[in-house]
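The file entry34.cif contains mmCIF, C-alpha atoms:
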data_start
loop_
_atom_site.label_atom_id
_atom_site.label_comp_id
_atom_site.auth_asym_id
_atom_site.auth_seq_id
_atom_site.Cartn_x
_atom_site.Cartn_y
_atom_site.Cartn_z
CA MET O 1 53.15 -48.84 24.06
CA GLN O 2 53.31 -46.90 20.81
CA LYS O 3 55.92 -47.94 18.26
CA LEU O 4 57.42 -46.07 15.32
CA LYS O 5 59.74 -46.85 12.44
CA LEU O 6 63.28 -45.82 13.28
CA GLY O 7 63.95 -43.27 10.56
CA ASN O 8 64.56 -44.87 7.17
CA SER O 9 65.18 -48.33 8.63
CA ASP O 10 62.81 -51.27 8.94
CA LEU O 11 63.18 -51.31 12.74
CA ASN O 12 60.00 -50.82 14.79
CA VAL O 13 60.91 -49.26 18.12
CA SER O 14 58.96 -48.35 21.24
CA ARG O 15 58.62 -44.62 21.91
CA ILE O 16 60.79 -45.13 25.00
CA CYS O 17 64.28 -46.62 24.75
CA LEU O 18 65.73 -48.08 27.94
CA GLY O 19 69.22 -46.69 28.43
CA CYS O 20 71.49 -49.29 29.95
CA MET O 21 74.48 -47.16 30.95
CA GLY O 22 73.48 -47.69 34.59
CA PHE O 23 73.88 -51.47 34.32
CA GLY O 24 77.21 -53.15 34.88
CA ASN O 25 79.97 -54.03 37.26
CA SER O 26 80.81 -50.92 39.32
CA ALA O 27 84.16 -52.52 40.21
CA THR O 28 85.43 -51.32 36.83
CA GLY O 29 85.73 -47.90 38.44
CA GLN O 30 83.95 -46.15 35.58
CA HIS O 31 80.80 -45.21 37.54
CA SER O 32 79.99 -45.78 41.21
CA TRP O 33 76.21 -45.56 40.78
CA THR O 34 75.66 -48.55 38.47
CA VAL O 35 73.57 -51.53 39.55
CA ASP O 36 74.47 -55.21 39.61
CA GLU O 37 73.17 -57.94 37.33
CA GLU O 38 70.27 -59.00 39.54
CA GLN O 39 68.89 -55.45 39.67
CA SER O 40 69.57 -54.91 35.98
CA ARG O 41 67.64 -58.04 35.06
CA ALA O 42 64.65 -56.97 37.13
CA ILE O 43 64.57 -53.54 35.44
CA ILE O 44 64.90 -55.02 31.95
CA LYS O 45 62.15 -57.57 32.66
CA HIS O 46 59.81 -54.86 33.90
CA ALA O 47 60.58 -52.67 30.88
CA LEU O 48 59.61 -55.54 28.58
CA GLU O 49 56.38 -56.06 30.54
CA LEU O 50 55.53 -52.38 30.00
CA GLY O 51 56.01 -52.69 26.24
CA ILE O 52 59.54 -51.33 25.81
CA ASN O 53 61.35 -53.23 23.05
CA PHE O 54 64.26 -50.80 22.44
CA PHE O 55 67.46 -51.12 24.50
CA ASP O 56 70.62 -49.02 24.23
CA THR O 57 74.05 -49.88 25.59
CA ALA O 58 77.72 -49.49 24.55
CA ILE O 59 80.93 -51.48 24.59
CA VAL O 60 82.50 -48.83 26.83
CA TYR O 61 79.84 -49.02 29.57
CA GLN O 62 81.49 -50.65 32.55
CA GLN O 63 84.09 -52.31 30.29
CA GLY O 64 81.52 -54.39 28.44
CA SER O 65 79.62 -55.67 31.48
CA SER O 66 76.57 -53.58 30.57
CA GLU O 67 76.36 -55.38 27.23
CA GLN O 68 76.77 -58.70 29.03
CA PHE O 69 73.97 -57.97 31.51
CA VAL O 70 71.64 -56.79 28.75
CA GLY O 71 72.36 -59.74 26.50
CA ARG O 72 71.77 -62.36 29.17
CA ALA O 73 68.55 -60.72 30.37
CA LEU O 74 67.06 -60.37 26.91
CA LYS O 75 67.95 -63.98 26.11
CA ASP O 76 65.98 -65.10 29.16
CA PHE O 77 63.03 -62.71 28.98
CA ALA O 78 62.39 -61.95 25.29
CA LYS O 79 62.39 -63.37 21.79
CA ARG O 80 65.34 -62.03 19.83
CA ASP O 81 63.27 -60.87 16.87
CA GLU O 82 60.90 -58.90 19.12
CA VAL O 83 63.52 -56.56 20.59
CA VAL O 84 65.71 -53.86 19.07
CA VAL O 85 69.21 -53.80 20.53
CA ALA O 86 71.50 -50.84 20.02
CA THR O 87 75.12 -50.66 21.06
CA LYS O 88 77.97 -48.29 20.28
CA PHE O 89 81.66 -48.43 19.34
CA LEU O 90 84.36 -45.88 20.17
CA PRO O 91 86.91 -44.22 17.91
CA ARG O 92 90.26 -45.94 17.43
CA SER O 93 92.54 -45.68 20.43
CA GLN O 94 95.96 -44.09 20.09
CA ASP O 95 97.48 -47.53 20.61
CA GLU O 96 95.50 -48.90 17.64
CA ILE O 97 96.56 -45.96 15.50
CA ASP O 98 100.21 -46.52 16.43
CA LYS O 99 99.88 -50.20 15.48
CA GLY O 100 98.40 -49.34 12.09
CA ILE O 101 94.96 -50.83 12.78
CA SER O 102 92.57 -49.31 10.24
CA GLY O 103 89.15 -47.90 10.96
CA GLN O 104 87.56 -50.86 9.22
CA GLN O 105 89.50 -53.38 11.28
CA HIS O 106 88.75 -51.47 14.47
CA ILE O 107 85.02 -51.63 13.72
CA ALA O 108 85.21 -55.33 12.91
CA ASN O 109 87.05 -56.05 16.16
CA SER O 110 84.70 -53.88 18.25
CA LEU O 111 81.62 -55.42 16.67
CA ASP O 112 82.79 -58.97 17.28
CA GLN O 113 83.51 -58.14 20.92
CA SER O 114 80.07 -56.55 21.37
CA LEU O 115 78.38 -59.57 19.76
CA LYS O 116 80.30 -61.81 22.15
CA ASN O 117 79.35 -59.66 25.15
CA LEU O 118 75.69 -59.62 24.12
CA GLY O 119 75.63 -63.30 23.18
CA MET O 120 73.92 -62.41 19.91
CA ASP O 121 74.42 -63.09 16.20
CA TYR O 122 73.54 -59.58 15.09
CA ILE O 123 72.97 -56.07 16.39
CA ASP O 124 69.89 -54.16 15.28
CA LEU O 125 71.38 -50.66 15.50
CA TYR O 126 75.15 -50.20 15.57
CA ILE O 127 76.12 -46.68 16.58
CA TYR O 128 79.25 -44.65 15.89
CA HIS O 129 79.69 -43.33 19.44
CA MET O 130 81.55 -40.14 18.54
CA TRP O 131 83.33 -38.66 15.54
CA ASP O 132 86.89 -39.92 15.11
CA TYR O 133 88.96 -37.02 13.79
CA GLN O 134 91.96 -39.29 13.28
CA THR O 135 90.17 -41.73 10.97
CA PRO O 136 88.74 -40.84 7.54
CA ILE O 137 84.95 -41.00 7.56
CA GLU O 138 85.13 -43.06 4.35
CA ASP O 139 87.00 -45.75 6.28
CA VAL O 140 84.39 -45.73 9.03
CA LEU O 141 81.49 -45.90 6.61
CA GLU O 142 83.02 -48.76 4.63
CA GLY O 143 83.63 -50.68 7.84
CA LEU O 144 80.01 -50.20 8.88
CA ASN O 145 78.78 -51.14 5.42
CA ASN O 146 80.81 -54.35 5.58
CA ALA O 147 79.09 -55.20 8.87
CA VAL O 148 75.66 -54.64 7.32
CA LYS O 149 76.52 -56.74 4.25
CA ALA O 150 77.78 -59.53 6.52
CA GLY O 151 74.44 -59.63 8.34
CA LYS O 152 75.97 -58.68 11.67
CA VAL O 153 74.21 -55.28 11.76
CA ARG O 154 70.72 -54.33 10.54
CA ALA O 155 71.06 -50.53 10.60
CA ILE O 156 73.60 -47.92 11.65
CA GLY O 157 73.34 -44.78 13.74
CA ILE O 158 75.62 -42.00 14.91
CA ALA O 159 75.99 -40.17 18.24
CA ASN O 160 77.59 -36.98 19.53
CA CYS O 161 77.96 -35.35 16.14
CA TYR O 162 77.32 -32.00 14.52
CA ALA O 163 74.66 -31.60 11.83
CA TYR O 164 77.30 -30.91 9.16
CA GLN O 165 79.03 -34.19 10.03
CA LEU O 166 75.84 -36.18 9.66
CA VAL O 167 75.11 -34.58 6.28
CA LYS O 168 78.70 -35.17 5.13
CA ALA O 169 78.69 -38.81 6.20
CA ASN O 170 75.36 -39.67 4.62
CA SER O 171 76.31 -37.87 1.39
CA ILE O 172 79.50 -39.94 1.15
CA ALA O 173 77.56 -43.10 1.97
CA GLU O 174 75.01 -42.38 -0.75
CA LYS O 175 77.73 -41.70 -3.31
CA ASN O 176 79.41 -45.04 -2.53
CA ASN O 177 76.21 -47.09 -2.09
CA PHE O 178 77.07 -47.65 1.58
CA ALA O 179 74.55 -47.96 4.40
CA LYS O 180 73.48 -44.53 5.66
CA PHE O 181 72.94 -43.39 9.24
CA VAL O 182 69.25 -43.77 10.13
CA SER O 183 69.41 -42.25 13.62
CA VAL O 184 71.31 -39.73 15.70
CA GLN O 185 71.86 -39.98 19.46
CA ASN O 186 72.82 -36.57 20.81
CA HIS O 187 72.37 -34.62 24.04
CA TYR O 188 68.87 -33.10 24.11
CA ASN O 189 66.40 -32.31 26.88
CA LEU O 190 64.28 -29.47 28.21
CA ILE O 191 67.26 -27.67 29.77
CA PHE O 192 69.67 -28.38 26.91
CA ARG O 193 68.07 -27.61 23.55
CA GLU O 194 71.04 -26.75 21.35
CA GLU O 195 70.00 -29.51 18.92
CA GLU O 196 67.21 -27.24 17.77
CA ARG O 197 69.67 -24.92 16.01
CA GLU O 198 70.22 -27.28 13.06
CA MET O 199 69.88 -30.97 13.92
CA THR O 200 66.12 -31.17 14.49
CA GLN O 201 65.31 -29.62 11.11
CA LEU O 202 67.85 -31.79 9.30
CA CYS O 203 66.40 -34.94 10.85
CA ALA O 204 62.84 -33.90 10.02
CA GLU O 205 63.71 -33.26 6.36
CA ASP O 206 65.78 -36.43 5.88
CA ASN O 207 63.66 -38.73 8.09
CA ILE O 208 66.53 -39.44 10.46
CA ALA O 209 65.34 -40.63 13.86
CA MET O 210 66.38 -38.69 16.94
CA THR O 211 67.01 -40.86 20.01
CA PRO O 212 68.56 -38.38 22.45
CA TYR O 213 70.33 -39.28 25.66
CA SER O 214 70.16 -37.44 28.99
CA ALA O 215 66.40 -37.07 28.55
CA LEU O 216 66.01 -36.11 32.21
CA ALA O 217 69.31 -34.21 32.49
CA SER O 218 70.77 -36.92 34.73
CA GLY O 219 67.79 -36.66 37.09
CA ARG O 220 67.59 -32.88 37.30
CA LEU O 221 64.27 -32.74 35.47
CA SER O 222 62.70 -35.30 37.78
CA ARG O 223 63.65 -33.78 41.15
CA ARG O 224 62.20 -30.78 42.94
CA LEU O 225 64.50 -28.12 44.32
CA GLY O 226 66.44 -29.59 47.25
CA GLU O 227 65.75 -33.23 46.41
CA THR O 228 68.82 -35.34 45.67
CA THR O 229 69.89 -38.87 44.75
CA LYS O 230 73.10 -40.88 44.83
CA ARG O 231 73.66 -40.18 41.15
CA LEU O 232 73.11 -36.43 41.56
CA GLN O 233 75.69 -36.46 44.34
CA GLU O 234 78.27 -38.75 42.73
CA ASP O 235 78.00 -38.34 38.96
CA THR O 236 80.83 -35.88 38.39
CA TYR O 237 80.43 -36.15 34.61
CA ALA O 238 76.83 -34.94 34.85
CA MET O 239 77.87 -32.21 37.27
CA GLY O 240 80.28 -30.92 34.66
CA LYS O 241 77.45 -30.82 32.11
CA TYR O 242 74.84 -29.05 34.20
CA ASP O 243 76.17 -27.35 37.32
CA ASN O 244 77.47 -24.24 35.54
CA SER O 245 73.98 -23.37 34.27
CA ALA O 246 72.06 -24.58 37.30
CA SER O 247 70.58 -21.21 38.28
CA GLN O 248 69.11 -20.44 34.86
CA ASP O 249 67.96 -24.03 34.38
CA GLN O 250 66.18 -24.01 37.73
CA MET O 251 63.53 -21.64 36.36
CA ILE O 252 62.62 -24.27 33.78
CA ILE O 253 62.71 -27.07 36.34
CA ASN O 254 60.34 -25.04 38.53
CA ARG O 255 57.90 -24.88 35.61
CA VAL O 256 58.16 -28.66 35.16
CA THR O 257 57.27 -28.97 38.85
CA ALA O 258 54.31 -26.61 38.53
CA LEU O 259 52.92 -28.34 35.43
CA ALA O 260 53.32 -31.75 37.08
CA GLU O 261 51.27 -30.52 40.04
CA ARG O 262 48.62 -29.12 37.70
CA TYR O 263 48.28 -32.43 35.84
CA LYS O 264 48.79 -34.52 38.99
CA VAL O 265 51.62 -36.49 37.36
CA SER O 266 55.34 -36.82 38.02
CA MET O 267 57.96 -34.35 36.81
CA THR O 268 59.44 -37.18 34.75
CA GLU O 269 56.19 -37.55 32.83
CA ILE O 270 56.13 -33.85 31.99
CA ALA O 271 59.78 -33.72 30.87
CA ILE O 272 59.49 -36.86 28.74
CA ALA O 273 56.12 -35.87 27.28
CA TRP O 274 57.69 -32.61 26.12
CA LEU O 275 60.62 -34.47 24.52
CA LEU O 276 58.28 -36.91 22.79
CA THR O 277 56.83 -33.98 20.84
CA LYS O 278 60.30 -33.47 19.33
CA VAL O 279 61.92 -36.90 18.82
CA THR O 280 61.30 -40.54 17.89
CA ALA O 281 62.40 -42.26 21.10
CA PRO O 282 64.28 -40.65 23.99
CA ILE O 283 66.74 -42.83 25.86
CA VAL O 284 65.76 -43.02 29.51
CA GLY O 285 68.04 -44.73 32.00
CA ALA O 286 66.93 -46.50 35.15
CA THR O 287 68.66 -47.94 38.21
CA LYS O 288 65.40 -48.81 40.00
CA ILE O 289 62.36 -50.75 38.73
CA GLU O 290 59.93 -47.93 39.43
CA GLN O 291 61.95 -45.48 37.31
CA VAL O 292 60.74 -47.26 34.17
CA GLU O 293 57.07 -46.57 34.83
CA ALA O 294 56.86 -42.76 34.55
CA PRO O 295 58.53 -42.56 31.11
CA VAL O 296 56.09 -45.16 29.81
CA LYS O 297 53.14 -43.18 31.20
CA ALA O 298 54.52 -40.08 29.47
CA VAL O 299 53.84 -41.64 26.08
CA ASP O 300 50.11 -41.16 26.65
CA LEU O 301 50.39 -37.70 28.23
CA LYS O 302 49.43 -35.02 25.72
CA LEU O 303 50.73 -31.51 26.34
CA SER O 304 48.97 -28.53 24.80
CA ALA O 305 50.74 -25.88 22.74
CA GLU O 306 50.33 -23.58 25.73
CA ASP O 307 52.01 -26.15 27.98
CA ILE O 308 54.94 -26.45 25.60
CA ASN O 309 55.38 -22.68 25.37
CA TYR O 310 55.19 -22.46 29.16
CA LEU O 311 57.99 -25.03 29.57
CA GLU O 312 60.21 -23.49 26.88
CA LYS O 313 59.89 -19.81 27.81
CA TYR O 314 62.99 -19.34 29.98
CA TYR O 315 65.48 -21.29 27.89
CA VAL O 316 68.67 -19.43 27.01
CA PRO O 317 71.57 -20.59 24.81
CA HIS O 318 73.97 -23.05 26.44
CA LYS O 319 77.60 -23.81 25.75
CA LEU O 320 78.40 -27.28 24.46
CA VAL O 321 79.12 -29.65 27.32
CA GLY O 322 80.05 -33.28 27.88
CA VAL O 323 81.24 -35.35 24.94
CA MET O 324 80.52 -32.62 22.38
CA ALA O 325 82.67 -30.12 24.27
CA GLN O 326 85.55 -32.63 24.28
CA ASN O 327 85.03 -34.07 20.81
CA LYS O 328 86.00 -31.15 18.56
CA PRO O 329 88.24 -30.90 15.48
CA ASP O 330 90.73 -28.67 17.31
CA SER O 331 91.20 -31.15 20.14
CA ALA O 332 94.08 -33.58 19.72
CA LYS O 333 92.51 -35.74 22.39
CA SER O 334 89.01 -35.89 20.95
CA GLY O 335 86.95 -38.44 22.85
CA GLN O 336 89.94 -39.76 24.79
CA VAL O 337 88.31 -39.06 28.17
CA TRP O 338 85.60 -41.56 27.27
CA MET O 339 88.12 -44.14 26.15
CA GLN O 340 90.23 -44.37 29.30
CA ASN O 341 88.12 -47.25 30.64
CA ALA O 342 87.23 -48.81 27.31
CA PRO O 343 87.55 -52.61 27.02
CA LYS O 344 90.41 -53.87 24.90
CA VAL O 345 89.32 -55.28 21.56
#
Would you encode the structure as structure tokens?
Amino acid sequence: MQKLKLGNSDLNVSRICLGCMGFGNSATGQHSWTVDEEQSRAIIKHALELGINFFDTAIVYQQGSSEQFVGRALKDFAKRDEVVVATKFLPRSQDEIDKGISGQQHIANSLDQSLKNLGMDYIDLYIYHMWDYQTPIEDVLEGLNNAVKAGKVRAIGIANCYAYQLVKANSIAEKNNFAKFVSVQNHYNLIFREEEREMTQLCAEDNIAMTPYSALASGRLSRRLGETTKRLQEDTYAMGKYDNSASQDQMIINRVTALAERYKVSMTEIAIAWLLTKVTAPIVGATKIEQVEAPVKAVDLKLSAEDINYLEKYYVPHKLVGVMAQNKPDSAKSGQVWMQNAPKV
């Protein structure tokens, strides 16, 4: 497994990051398609065997049970200093705002809860899950810097942000000698390439690592026309992101299918190999052991310039969807849909 430095940090990460959103107690009601601890442990163990050392979760995933599953598995199957653990914190809730809890205190509380869930003394990459329009960015950055100075966090990242926000935040951090964001985790895949407007060039110039989520478009880039899965049928959040552009996206998916047949590999390998030409480490989720194998194989699959042009030809501009569509300055409820099932901290 190839490894790279994560942006300007000293973290060495595998080219594939195992996304752990699919792990956790489904009884929380957040997602019906998640897998239990026994299955989660088996997937994590197999990922480690294949050379993956980079794991991404969040305090909000299944009310903290994803973090708990990940922490217990890594404790049993890996040495702490040989894995890179990323987790994310949400914006302040309205209840916290009403109680006068500052951004710094919110981060401290969230971090301590995540450390408890993971059973760890520190987090390698602590990620600002989405921009909090009700909290000054200076307050957020100082809270994160305090966590780094305390030794509880090695590096910080940001997710679901616009390029101007990332520039603004890192400029303020530099001015105040605070820790800067070394990575960005946004929505990016072969059928959703809006990051290429500004973010990809910014990250290339400033050496900020891109670790995008939804690398396979919630399974759409790994399934031929007519094939379905439980997640494709039940993940209403993903449906909201992709169903409105399904007809135009299908032309690209058909080309993934054709190229996979030409190379005699899986569609997953083609889609991930394409993304690996653009980013440091895509986040790839799994709810079955075998789903880890194709992304790992993709690391060694080299696509030609002609292949890349062939896959990209039919892309057309897409509207912002998912978290980015909800998390906008003109929305009084920015990010609140994600926070409805968040654990109390």
Specify the axis-aligned box that encloses all atoms of stretch 129-138 of chain O listed in the file after padding of 3 Å on each side, stating its centre and edge lengths in Å to one decimal as JSON.
{"center_x": 85.8, "center_y": -40.2, "center_z": 11.9, "size_x": 18.3, "size_y": 12.3, "size_z": 21.1}
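Shortest separation to O:Gly100 among O:Thr135, O:Ala47, O:Ala260, O:Arg154 occurs at residue O:Thr135, atoms counted being only C-alpha atoms.
If you look at atom CA of O:Val256 and atom CA of O:Lys302, they are 14.3 Å away from each other.
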Step by step, work through what the PyMOL selection byres ((chain O and resi 36) around 7) selects in the shown file, and finish by giving those residues as a compact mmCIF listing (two decimals) with C-alpha atoms, in the frame of the given file.
# COMPACT_ATOMS: atom_id res chain seq x y z
CA PHE O 23 73.88 -51.47 34.32
CA GLY O 24 77.21 -53.15 34.88
CA ASN O 25 79.97 -54.03 37.26
CA THR O 34 75.66 -48.55 38.47
CA VAL O 35 73.57 -51.53 39.55
CA GLU O 37 73.17 -57.94 37.33
CA GLU O 38 70.27 -59.00 39.54
CA GLN O 39 68.89 -55.45 39.67
CA SER O 40 69.57 -54.91 35.98
Review point. Using all atoms listed in the file, which residue out of O:Ile52, O:Leu275, O:Ala42, O:Leu190 lies closest to O:Asn12?
Key: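 Ranking O:Ile52, O:Leu275, O:Ala42, O:Leu190 by distance to O:Asn12, first place goes to O:Ile52.
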**Study point:** the PyMOL selection byres ((chain O and resi 206-213) around 7) applied to the shown file, residues as a list in words
**Key:**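 Listing what the PyMOL selection byres ((chain O and resi 206-213) around 7) selects in the shown file: Leu6, Gly7, Asn8, Val182, Ser183, Val184, Gln185, Asn186, His187, Tyr188, Leu202, Cys203, Ala204, Glu205, Ser214, Ala215, Val279, Thr280, Ala281, Pro282 and Ile283 of chain O.
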Check your understanding: Skipping near chain neighbours, those fewer than 2 positions away, what residues fall within 12 Å of O:Ala73 using all atoms listed in the file, listed as number ranges by chain?
Key -> O: 20, 23, 37-48, 55, 66-71, 75-80, 83, 118-120
Exercise for review: For each of O:Arg92, O:His318, O:Lys313, O:Lys175, take the minimum atom-to-atom distance to O:Arg193, counting only C-alpha atoms, then give the residue where this is smallest.
Suggested key: O:His318
